[in-house]
>>> print(open('start_30.pdb').read())   # PDB, C-alpha atoms
MODEL        1
ATOM      1  CA  MET A  11     -15.369  42.158 -11.123  1.00  0.00           C
ATOM      2  CA  LYS A  12     -18.907  42.827 -12.357  1.00  0.00           C
ATOM      3  CA  ARG A  13     -20.373  41.349  -9.202  1.00  0.00           C
ATOM      4  CA  ILE A  14     -18.219  43.629  -7.032  1.00  0.00           C
ATOM      5  CA  LEU A  15     -19.133  46.725  -9.029  1.00  0.00           C
ATOM      6  CA  GLU A  16     -22.828  45.802  -9.038  1.00  0.00           C
ATOM      7  CA  SER A  17     -22.728  45.294  -5.259  1.00  0.00           C
ATOM      8  CA  PHE A  18     -21.026  48.663  -4.855  1.00  0.00           C
ATOM      9  CA  CYS A  19     -23.674  50.258  -7.049  1.00  0.00           C
ATOM     10  CA  ASN A  20     -26.373  48.687  -4.867  1.00  0.00           C
ATOM     11  CA  VAL A  21     -24.765  50.360  -1.851  1.00  0.00           C
ATOM     12  CA  LEU A  22     -24.842  53.643  -3.790  1.00  0.00           C
ATOM     13  CA  ARG A  23     -28.544  53.094  -4.553  1.00  0.00           C
ATOM     14  CA  LEU A  24     -29.247  52.563  -0.855  1.00  0.00           C
ATOM     15  CA  LEU A  25     -27.231  55.660   0.044  1.00  0.00           C
ATOM     16  CA  LEU A  26     -29.088  57.686  -2.582  1.00  0.00           C
ATOM     17  CA  GLY A  27     -32.420  56.572  -1.145  1.00  0.00           C
ATOM     18  CA  LEU A  28     -31.303  57.567   2.338  1.00  0.00           C
ATOM     19  CA  LEU A  29     -30.116  60.957   1.095  1.00  0.00           C
ATOM     20  CA  ILE A  30     -33.412  61.663  -0.663  1.00  0.00           C
ATOM     21  CA  ALA A  31     -35.356  60.619   2.446  1.00  0.00           C
ATOM     22  CA  THR A  32     -33.109  62.816   4.579  1.00  0.00           C
ATOM     23  CA  LEU A  33     -33.550  65.703   2.143  1.00  0.00           C
ATOM     24  CA  ALA A  34     -37.256  65.729   2.993  1.00  0.00           C
ATOM     25  CA  ILE A  35     -36.474  66.849   6.563  1.00  0.00           C
ATOM     26  CA  PRO A  36     -34.811  70.238   5.950  1.00  0.00           C
ATOM     27  CA  VAL A  37     -37.035  70.955   2.953  1.00  0.00           C
ATOM     28  CA  GLY A  38     -40.123  70.101   5.017  1.00  0.00           C
ATOM     29  CA  MET A  39     -38.890  72.408   7.767  1.00  0.00           C
ATOM     30  CA  GLN A  40     -38.435  75.191   5.225  1.00  0.00           C
ATOM     31  CA  VAL A  41     -41.955  74.745   3.878  1.00  0.00           C
ATOM     32  CA  LEU A  42     -43.481  74.678   7.366  1.00  0.00           C
ATOM     33  CA  ALA A  43     -41.535  77.746   8.430  1.00  0.00           C
ATOM     34  CA  ARG A  44     -42.281  79.816   5.333  1.00  0.00           C
ATOM     35  CA  TYR A  45     -45.916  79.006   4.717  1.00  0.00           C
ATOM     36  CA  THR A  46     -47.413  78.094   8.090  1.00  0.00           C
ATOM     37  CA  GLY A  47     -45.397  79.841  10.762  1.00  0.00           C
ATOM     38  CA  ILE A  48     -45.622  76.735  12.952  1.00  0.00           C
ATOM     39  CA  ILE A  49     -41.864  76.732  13.408  1.00  0.00           C
ATOM     40  CA  PRO A  50     -39.359  79.584  13.136  1.00  0.00           C
ATOM     41  CA  VAL A  51     -37.306  80.075   9.962  1.00  0.00           C
ATOM     42  CA  TYR A  52     -34.036  78.218  10.338  1.00  0.00           C
ATOM     43  CA  LEU A  53     -31.482  79.393   7.782  1.00  0.00           C
ATOM     44  CA  TRP A  54     -29.254  76.349   8.218  1.00  0.00           C
ATOM     45  CA  THR A  55     -31.938  74.142   6.640  1.00  0.00           C
ATOM     46  CA  GLU A  56     -31.259  75.687   3.244  1.00  0.00           C
ATOM     47  CA  GLU A  57     -27.551  74.901   3.451  1.00  0.00           C
ATOM     48  CA  LEU A  58     -28.177  71.375   4.677  1.00  0.00           C
ATOM     49  CA  ALA A  59     -30.642  70.772   1.846  1.00  0.00           C
ATOM     50  CA  THR A  60     -28.050  72.047  -0.641  1.00  0.00           C
ATOM     51  CA  PHE A  61     -25.331  69.771   0.770  1.00  0.00           C
ATOM     52  CA  ILE A  62     -27.599  66.730   0.587  1.00  0.00           C
ATOM     53  CA  PHE A  63     -28.817  67.682  -2.884  1.00  0.00           C
ATOM     54  CA  VAL A  64     -25.276  67.981  -4.286  1.00  0.00           C
ATOM     55  CA  TRP A  65     -24.371  64.526  -3.004  1.00  0.00           C
ATOM     56  CA  ALA A  66     -27.652  63.055  -4.291  1.00  0.00           C
ATOM     57  CA  ILE A  67     -26.962  64.457  -7.778  1.00  0.00           C
ATOM     58  CA  MET A  68     -23.410  63.086  -7.892  1.00  0.00           C
ATOM     59  CA  ILE A  69     -24.413  59.655  -6.591  1.00  0.00           C
ATOM     60  CA  GLY A  70     -27.400  59.541  -8.950  1.00  0.00           C
ATOM     61  CA  ALA A  71     -25.155  60.412 -11.899  1.00  0.00           C
ATOM     62  CA  THR A  72     -22.732  57.675 -10.840  1.00  0.00           C
ATOM     63  CA  ILE A  73     -25.533  55.097 -10.750  1.00  0.00           C
ATOM     64  CA  ALA A  74     -26.737  56.289 -14.156  1.00  0.00           C
ATOM     65  CA  VAL A  75     -23.242  55.835 -15.634  1.00  0.00           C
ATOM     66  CA  TRP A  76     -23.200  52.260 -14.323  1.00  0.00           C
ATOM     67  CA  GLU A  77     -26.644  51.569 -15.781  1.00  0.00           C
ATOM     68  CA  GLY A  78     -25.775  53.260 -19.077  1.00  0.00           C
ATOM     69  CA  THR A  79     -28.629  55.757 -18.804  1.00  0.00           C
ATOM     70  CA  HIS A  80     -26.663  58.974 -18.381  1.00  0.00           C
ATOM     71  CA  PHE A  81     -24.659  61.131 -20.810  1.00  0.00           C
ATOM     72  CA  ASP A  82     -25.895  59.060 -23.738  1.00  0.00           C
ATOM     73  CA  VAL A  83     -28.386  60.661 -26.101  1.00  0.00           C
ATOM     74  CA  ARG A  84     -29.050  58.716 -29.288  1.00  0.00           C
ATOM     75  CA  VAL A  85     -29.597  60.957 -32.284  1.00  0.00           C
ATOM     76  CA  ILE A  86     -29.133  58.110 -34.741  1.00  0.00           C
ATOM     77  CA  PRO A  87     -30.614  54.623 -34.466  1.00  0.00           C
ATOM     78  CA  ASP A  88     -28.560  51.851 -32.894  1.00  0.00           C
ATOM     79  CA  ALA A  89     -26.253  50.171 -35.368  1.00  0.00           C
ATOM     80  CA  LYS A  90     -27.158  46.662 -36.479  1.00  0.00           C
ATOM     81  CA  HIS A  91     -23.664  45.493 -37.374  1.00  0.00           C
ATOM     82  CA  PRO A  92     -21.654  44.367 -34.310  1.00  0.00           C
ATOM     83  CA  PHE A  93     -18.556  46.401 -35.207  1.00  0.00           C
ATOM     84  CA  LEU A  94     -20.555  49.571 -35.863  1.00  0.00           C
ATOM     85  CA  LYS A  95     -22.399  48.993 -32.585  1.00  0.00           C
ATOM     86  CA  LEU A  96     -19.028  48.728 -30.828  1.00  0.00           C
ATOM     87  CA  LEU A  97     -17.894  51.976 -32.464  1.00  0.00           C
ATOM     88  CA  GLN A  98     -21.129  53.714 -31.556  1.00  0.00           C
ATOM     89  CA  ASP A  99     -21.089  52.608 -27.912  1.00  0.00           C
ATOM     90  CA  GLY A 100     -17.320  52.917 -27.638  1.00  0.00           C
ATOM     91  CA  PHE A 101     -17.347  56.516 -28.849  1.00  0.00           C
ATOM     92  CA  VAL A 102     -19.851  57.519 -26.163  1.00  0.00           C
ATOM     93  CA  LEU A 103     -18.001  55.603 -23.444  1.00  0.00           C
ATOM     94  CA  VAL A 104     -14.641  57.097 -24.402  1.00  0.00           C
ATOM     95  CA  LEU A 105     -16.139  60.595 -24.215  1.00  0.00           C
ATOM     96  CA  ILE A 106     -17.731  59.822 -20.840  1.00  0.00           C
ATOM     97  CA  THR A 107     -14.394  58.504 -19.573  1.00  0.00           C
ATOM     98  CA  ALA A 108     -12.537  61.580 -20.838  1.00  0.00           C
ATOM     99  CA  PHE A 109     -14.911  63.995 -19.130  1.00  0.00           C
ATOM    100  CA  ALA A 110     -14.971  61.839 -16.000  1.00  0.00           C
ATOM    101  CA  LEU A 111     -11.186  62.034 -15.849  1.00  0.00           C
ATOM    102  CA  LEU A 112     -11.433  65.818 -16.096  1.00  0.00           C
ATOM    103  CA  PHE A 113     -13.820  65.829 -13.142  1.00  0.00           C
ATOM    104  CA  ALA A 114     -11.552  63.505 -11.175  1.00  0.00           C
ATOM    105  CA  VAL A 115      -8.293  65.374 -11.836  1.00  0.00           C
ATOM    106  CA  TYR A 116      -9.470  68.973 -11.727  1.00  0.00           C
ATOM    107  CA  GLY A 117     -11.947  68.158  -8.990  1.00  0.00           C
ATOM    108  CA  ILE A 118      -9.028  67.662  -6.618  1.00  0.00           C
ATOM    109  CA  GLU A 119      -8.127  71.353  -6.887  1.00  0.00           C
ATOM    110  CA  TYR A 120     -11.802  72.209  -6.518  1.00  0.00           C
ATOM    111  CA  ALA A 121     -11.958  70.141  -3.329  1.00  0.00           C
ATOM    112  CA  LYS A 122      -8.812  71.826  -2.000  1.00  0.00           C
ATOM    113  CA  PHE A 123     -10.453  75.187  -2.647  1.00  0.00           C
ATOM    114  CA  GLY A 124     -13.530  74.035  -0.736  1.00  0.00           C
ATOM    115  CA  SER A 125     -11.426  72.847   2.182  1.00  0.00           C
ATOM    116  CA  ILE A 126     -10.395  76.415   3.021  1.00  0.00           C
ATOM    117  CA  GLN A 127     -13.988  77.702   3.163  1.00  0.00           C
ATOM    118  CA  ASN A 128     -16.837  77.366   5.622  1.00  0.00           C
ATOM    119  CA  SER A 129     -20.529  77.696   4.943  1.00  0.00           C
ATOM    120  CA  PRO A 130     -22.052  80.902   6.322  1.00  0.00           C
ATOM    121  CA  MET A 131     -24.912  79.460   8.400  1.00  0.00           C
ATOM    122  CA  MET A 132     -23.788  76.015   9.541  1.00  0.00           C
ATOM    123  CA  ARG A 133     -20.081  76.877   9.634  1.00  0.00           C
ATOM    124  CA  ALA A 134     -19.452  73.498   8.005  1.00  0.00           C
ATOM    125  CA  ASN A 135     -16.323  73.025   5.962  1.00  0.00           C
ATOM    126  CA  MET A 136     -17.196  73.229   2.259  1.00  0.00           C
ATOM    127  CA  LEU A 137     -15.040  70.192   1.567  1.00  0.00           C
ATOM    128  CA  ILE A 138     -18.195  68.256   2.485  1.00  0.00           C
ATOM    129  CA  THR A 139     -19.710  69.106  -0.885  1.00  0.00           C
ATOM    130  CA  HIS A 140     -16.631  69.930  -2.962  1.00  0.00           C
ATOM    131  CA  ILE A 141     -15.134  66.458  -2.470  1.00  0.00           C
ATOM    132  CA  SER A 142     -18.133  64.972  -4.288  1.00  0.00           C
ATOM    133  CA  VAL A 143     -16.749  66.183  -7.637  1.00  0.00           C
ATOM    134  CA  PRO A 144     -13.461  64.209  -7.729  1.00  0.00           C
ATOM    135  CA  ILE A 145     -15.115  61.185  -6.103  1.00  0.00           C
ATOM    136  CA  ALA A 146     -17.875  61.178  -8.725  1.00  0.00           C
ATOM    137  CA  GLY A 147     -15.303  61.675 -11.493  1.00  0.00           C
ATOM    138  CA  ALA A 148     -13.279  58.704 -10.285  1.00  0.00           C
ATOM    139  CA  LEU A 149     -16.381  56.500 -10.065  1.00  0.00           C
ATOM    140  CA  TRP A 150     -17.604  57.634 -13.497  1.00  0.00           C
ATOM    141  CA  THR A 151     -14.183  56.757 -14.891  1.00  0.00           C
ATOM    142  CA  LEU A 152     -14.286  53.316 -13.281  1.00  0.00           C
ATOM    143  CA  PHE A 153     -17.838  52.538 -14.377  1.00  0.00           C
ATOM    144  CA  ALA A 154     -17.512  53.896 -17.932  1.00  0.00           C
ATOM    145  CA  GLY A 155     -14.162  52.115 -18.329  1.00  0.00           C
ATOM    146  CA  TYR A 156     -15.727  48.853 -17.224  1.00  0.00           C
ATOM    147  CA  ARG A 157     -18.674  49.342 -19.592  1.00  0.00           C
ATOM    148  CA  LEU A 158     -16.195  49.963 -22.435  1.00  0.00           C
ATOM    149  CA  PHE A 159     -14.364  46.759 -21.482  1.00  0.00           C
ATOM    150  CA  GLU A 160     -17.712  44.908 -21.551  1.00  0.00           C
ATOM    151  CA  ALA A 161     -18.598  46.355 -24.967  1.00  0.00           C
ATOM    152  CA  ILE A 162     -15.278  45.145 -26.393  1.00  0.00           C
ATOM    153  CA  ALA A 163     -15.739  41.708 -24.796  1.00  0.00           C
ATOM    154  CA  THR A 164     -19.251  41.472 -26.243  1.00  0.00           C
ATOM    155  CA  TYR A 165     -17.914  42.287 -29.710  1.00  0.00           C
ATOM    156  CA  ARG A 166     -15.188  39.654 -29.388  1.00  0.00           C
ATOM    157  CA  ARG A 167     -17.819  36.986 -28.572  1.00  0.00           C
ATOM    158  CA  VAL A 168     -19.679  37.647 -31.835  1.00  0.00           C
ATOM    159  CA  PRO A 169     -19.204  34.695 -34.212  1.00  0.00           C
ATOM    160  CA  LYS A 170     -16.743  35.585 -36.973  1.00  0.00           C
ATOM    161  CA  GLU A 171     -19.112  34.494 -39.760  1.00  0.00           C
ATOM    162  CA  THR A 172     -21.560  37.305 -38.813  1.00  0.00           C
ATOM    163  CA  LEU A 173     -18.844  39.918 -39.255  1.00  0.00           C
TER     164      LEU A 173
ENDMDL
END
>>> encode(input="start_30.pdb", output="structure tokens")
Amino acid sequence: MKRILESFCNVLRLLLGLLIATLAIPVGMQVLARYTGIIPVYLWTEELATFIFVWAIMIGATIAVWEGTHFDVRVIPDAKHPFLKLLQDGFVLVLITAFALLFAVYGIEYAKFGSIQNSPMMRANMLITHISVPIAGALWTLFAGYRLFEAIATYRRVPKETL
């Protein structure tokens, strides 16, 4: 399972890189238009940049959940005892999973709301960006749930005499 999820995360990393590279095009056009006058001001570039940016944020957050680098701020030092470490990590992962489920479930209504709207300049259906919320929530749930499973498995492998 870990190999499948890691491979999927590698695809997300590639997609994120492509999105960031693509983001340079409309933003570059905006800069050229506003500060040099070489090209005319195209209003659709701002919307396209926003669409790409939203997806880049959601995919980046998903990768960070997989890597354990997002939503986790340590205000106390890591626990030394294996059980306390499990409680410390488990608490964070349960909270991440709970909020991810909120994004996944309530994001469906948000996506439905977006599906009945069009962007003003490009006339693109807003579902393009709104659907990123429930998708990200589902992936956060999957990745945080797997990390919680791994934390429990790691605790179970600790020799009993150290407990």
>>> resolve_selection(input="start_30.pdb", expression="the PyMOL selection byres ((chain A and resi 149) around 12)", output="PyMOL selection string")
chain A and resi 15+18-19+22+68-76+106-107+109-111+113-114+142-148+150-156
>>> atom_distance(input="start_30.pdb", atom1="CA of Phe63 (chain A)", atom2="CA of Met136 (chain A)")
13.9 Å
>>> atom_distance(input="start_30.pdb", atom1="CA of Ala121 (chain A)", atom2="CA of Gln40 (chain A)")
28.3 Å
>>> closest_residue(input="start_30.pdb", among="A:Lys122, A:Leu112, A:Leu137, A:Phe93", to="Thr164 (chain A)", atoms="all atoms listed in the file")
A:Phe93
>>> atom_distance(input="start_30.pdb", atom1="CA of Arg44 (chain A)", atom2="CA of Thr60 (chain A)")
17.3 Å
>>> resolve_selection(input="start_30.pdb", expression="the PyMOL selection byres ((chain A and resi 125-134) around 10)", output="list in words")
Tyr52, Leu53, Trp54, Thr55, Glu56, Glu57, Leu58, Glu119, Tyr120, Ala121, Lys122, Phe123, Gly124, Asn135, Met136, Leu137, Ile138, Thr139, His140 and Ile141 of chain A
>>> residues_around(input="start_30.pdb", residues="Gly100 (chain A)", least_positions_apart="3", cutoff="10 Å", atoms="all atoms listed in the file", output="list in words")
Leu94, Lys95, Leu96, Leu97, Leu103, Val104, Leu105, Ile106, Ala154, Gly155, Arg157, Leu158, Phe159, Ala161 and Ile162 of chain A
>>> axis_aligned_box(input="start_30.pdb", around="region 159-170 of chain A", padding_each_side="8 Å", output="JSON")
{"center_x": -17.0, "center_y": 40.7, "center_z": -29.2, "size_x": 21.3, "size_y": 28.1, "size_z": 31.5}
>>> residues_around(input="start_30.pdb", residues="Leu33 (chain A)", least_positions_apart="4", cutoff="7 Å", atoms="only C-alpha atoms", output="PDB file with C-alpha atoms, in the frame of the given file")
ATOM      1  CA  LEU A  29     -30.116  60.957   1.095  1.00  0.00           C
ATOM      2  CA  VAL A  37     -37.035  70.955   2.953  1.00  0.00           C
ATOM      3  CA  ALA A  59     -30.642  70.772   1.846  1.00  0.00           C
ATOM      4  CA  ILE A  62     -27.599  66.730   0.587  1.00  0.00           C
TER       5      ILE A  62
END
>>> decode(input="start_30.pdb", residues="region 105-118 of chain A", atoms="all heavy atoms", output="mmCIF file, in the first residue's frame")
data_model
loop_
_atom_site.group_PDB
_atom_site.id
_atom_site.type_symbol
_atom_site.label_atom_id
_atom_site.label_comp_id
_atom_site.auth_asym_id
_atom_site.auth_seq_id
_atom_site.Cartn_x
_atom_site.Cartn_y
_atom_site.Cartn_z
ATOM 1 N N LEU A 105 -6.679 14.883 14.330
ATOM 2 C CA LEU A 105 -7.209 16.217 14.034
ATOM 3 C C LEU A 105 -7.129 16.521 12.531
ATOM 4 O O LEU A 105 -8.078 17.068 11.955
ATOM 5 C CB LEU A 105 -6.454 17.284 14.819
ATOM 6 C CG LEU A 105 -6.773 17.375 16.302
ATOM 7 C CD1 LEU A 105 -5.911 18.431 16.976
ATOM 8 C CD2 LEU A 105 -8.240 17.680 16.520
ATOM 9 N N ILE A 106 -6.010 16.165 11.912
ATOM 10 C CA ILE A 106 -5.883 16.368 10.465
ATOM 11 C C ILE A 106 -6.967 15.593 9.733
ATOM 12 O O ILE A 106 -7.633 16.114 8.829
ATOM 13 C CB ILE A 106 -4.479 15.941 9.966
ATOM 14 C CG1 ILE A 106 -3.418 16.904 10.473
ATOM 15 C CG2 ILE A 106 -4.450 15.883 8.441
ATOM 16 C CD1 ILE A 106 -2.005 16.440 10.205
ATOM 17 N N THR A 107 -7.177 14.345 10.129
ATOM 18 C CA THR A 107 -8.191 13.505 9.490
ATOM 19 C C THR A 107 -9.584 14.090 9.678
ATOM 20 O O THR A 107 -10.385 14.115 8.740
ATOM 21 C CB THR A 107 -8.124 12.065 10.039
ATOM 22 O OG1 THR A 107 -6.793 11.559 9.849
ATOM 23 C CG2 THR A 107 -9.103 11.162 9.331
ATOM 24 N N ALA A 108 -9.873 14.593 10.874
ATOM 25 C CA ALA A 108 -11.192 15.177 11.136
ATOM 26 C C ALA A 108 -11.437 16.394 10.250
ATOM 27 O O ALA A 108 -12.502 16.516 9.620
ATOM 28 C CB ALA A 108 -11.319 15.554 12.608
ATOM 29 N N PHE A 109 -10.470 17.282 10.175
ATOM 30 C CA PHE A 109 -10.637 18.466 9.331
ATOM 31 C C PHE A 109 -10.640 18.094 7.849
ATOM 32 O O PHE A 109 -11.359 18.705 7.054
ATOM 33 C CB PHE A 109 -9.565 19.505 9.631
ATOM 34 C CG PHE A 109 -9.869 20.315 10.857
ATOM 35 C CD1 PHE A 109 -9.251 20.025 12.056
ATOM 36 C CD2 PHE A 109 -10.794 21.347 10.819
ATOM 37 C CE1 PHE A 109 -9.538 20.759 13.193
ATOM 38 C CE2 PHE A 109 -11.098 22.078 11.944
ATOM 39 C CZ PHE A 109 -10.468 21.782 13.148
ATOM 40 N N ALA A 110 -9.866 17.100 7.480
ATOM 41 C CA ALA A 110 -9.866 16.640 6.086
ATOM 42 C C ALA A 110 -11.235 16.082 5.707
ATOM 43 O O ALA A 110 -11.731 16.325 4.598
ATOM 44 C CB ALA A 110 -8.776 15.592 5.885
ATOM 45 N N LEU A 111 -11.845 15.352 6.615
ATOM 46 C CA LEU A 111 -13.195 14.843 6.360
ATOM 47 C C LEU A 111 -14.195 15.976 6.193
ATOM 48 O O LEU A 111 -15.104 15.897 5.355
ATOM 49 C CB LEU A 111 -13.634 13.900 7.479
ATOM 50 C CG LEU A 111 -13.042 12.494 7.420
ATOM 51 C CD1 LEU A 111 -13.350 11.739 8.712
ATOM 52 C CD2 LEU A 111 -13.561 11.737 6.211
ATOM 53 N N LEU A 112 -14.037 17.037 6.976
ATOM 54 C CA LEU A 112 -14.904 18.207 6.811
ATOM 55 C C LEU A 112 -14.742 18.807 5.415
ATOM 56 O O LEU A 112 -15.724 19.156 4.758
ATOM 57 C CB LEU A 112 -14.603 19.262 7.879
ATOM 58 C CG LEU A 112 -15.039 18.941 9.296
ATOM 59 C CD1 LEU A 112 -14.535 20.002 10.271
ATOM 60 C CD2 LEU A 112 -16.552 18.827 9.374
ATOM 61 N N PHE A 113 -13.505 18.928 4.963
ATOM 62 C CA PHE A 113 -13.254 19.442 3.620
ATOM 63 C C PHE A 113 -13.870 18.526 2.575
ATOM 64 O O PHE A 113 -14.460 18.997 1.598
ATOM 65 C CB PHE A 113 -11.747 19.573 3.368
ATOM 66 C CG PHE A 113 -11.183 20.907 3.710
ATOM 67 C CD1 PHE A 113 -11.080 21.322 5.027
ATOM 68 C CD2 PHE A 113 -10.731 21.759 2.724
ATOM 69 C CE1 PHE A 113 -10.554 22.555 5.353
ATOM 70 C CE2 PHE A 113 -10.192 22.999 3.030
ATOM 71 C CZ PHE A 113 -10.105 23.397 4.350
ATOM 72 N N ALA A 114 -13.709 17.227 2.760
ATOM 73 C CA ALA A 114 -14.226 16.271 1.774
ATOM 74 C C ALA A 114 -15.746 16.299 1.707
ATOM 75 O O ALA A 114 -16.335 16.353 0.628
ATOM 76 C CB ALA A 114 -13.724 14.859 2.097
ATOM 77 N N VAL A 115 -16.405 16.268 2.863
ATOM 78 C CA VAL A 115 -17.870 16.181 2.899
ATOM 79 C C VAL A 115 -18.512 17.507 2.504
ATOM 80 O O VAL A 115 -19.350 17.562 1.607
ATOM 81 C CB VAL A 115 -18.345 15.718 4.294
ATOM 82 C CG1 VAL A 115 -19.842 15.817 4.414
ATOM 83 C CG2 VAL A 115 -17.874 14.295 4.557
ATOM 84 N N TYR A 116 -18.122 18.577 3.180
ATOM 85 C CA TYR A 116 -18.740 19.868 2.883
ATOM 86 C C TYR A 116 -18.218 20.471 1.579
ATOM 87 O O TYR A 116 -18.855 21.353 0.998
ATOM 88 C CB TYR A 116 -18.563 20.835 4.055
ATOM 89 C CG TYR A 116 -19.398 20.419 5.236
ATOM 90 C CD1 TYR A 116 -18.821 19.810 6.343
ATOM 91 C CD2 TYR A 116 -20.778 20.587 5.223
ATOM 92 C CE1 TYR A 116 -19.584 19.405 7.418
ATOM 93 C CE2 TYR A 116 -21.554 20.184 6.289
ATOM 94 C CZ TYR A 116 -20.949 19.590 7.384
ATOM 95 O OH TYR A 116 -21.726 19.181 8.435
ATOM 96 N N GLY A 117 -17.090 19.989 1.127
ATOM 97 C CA GLY A 117 -16.561 20.445 -0.153
ATOM 98 C C GLY A 117 -17.422 20.011 -1.332
ATOM 99 O O GLY A 117 -17.399 20.645 -2.388
ATOM 100 N N ILE A 118 -18.184 18.950 -1.144
ATOM 101 C CA ILE A 118 -19.077 18.497 -2.218
ATOM 102 C C ILE A 118 -20.135 19.560 -2.493
ATOM 103 O O ILE A 118 -20.405 19.895 -3.652
ATOM 104 C CB ILE A 118 -19.702 17.137 -1.859
ATOM 105 C CG1 ILE A 118 -18.608 16.066 -1.821
ATOM 106 C CG2 ILE A 118 -20.797 16.763 -2.854
ATOM 107 C CD1 ILE A 118 -19.051 14.741 -1.248
#
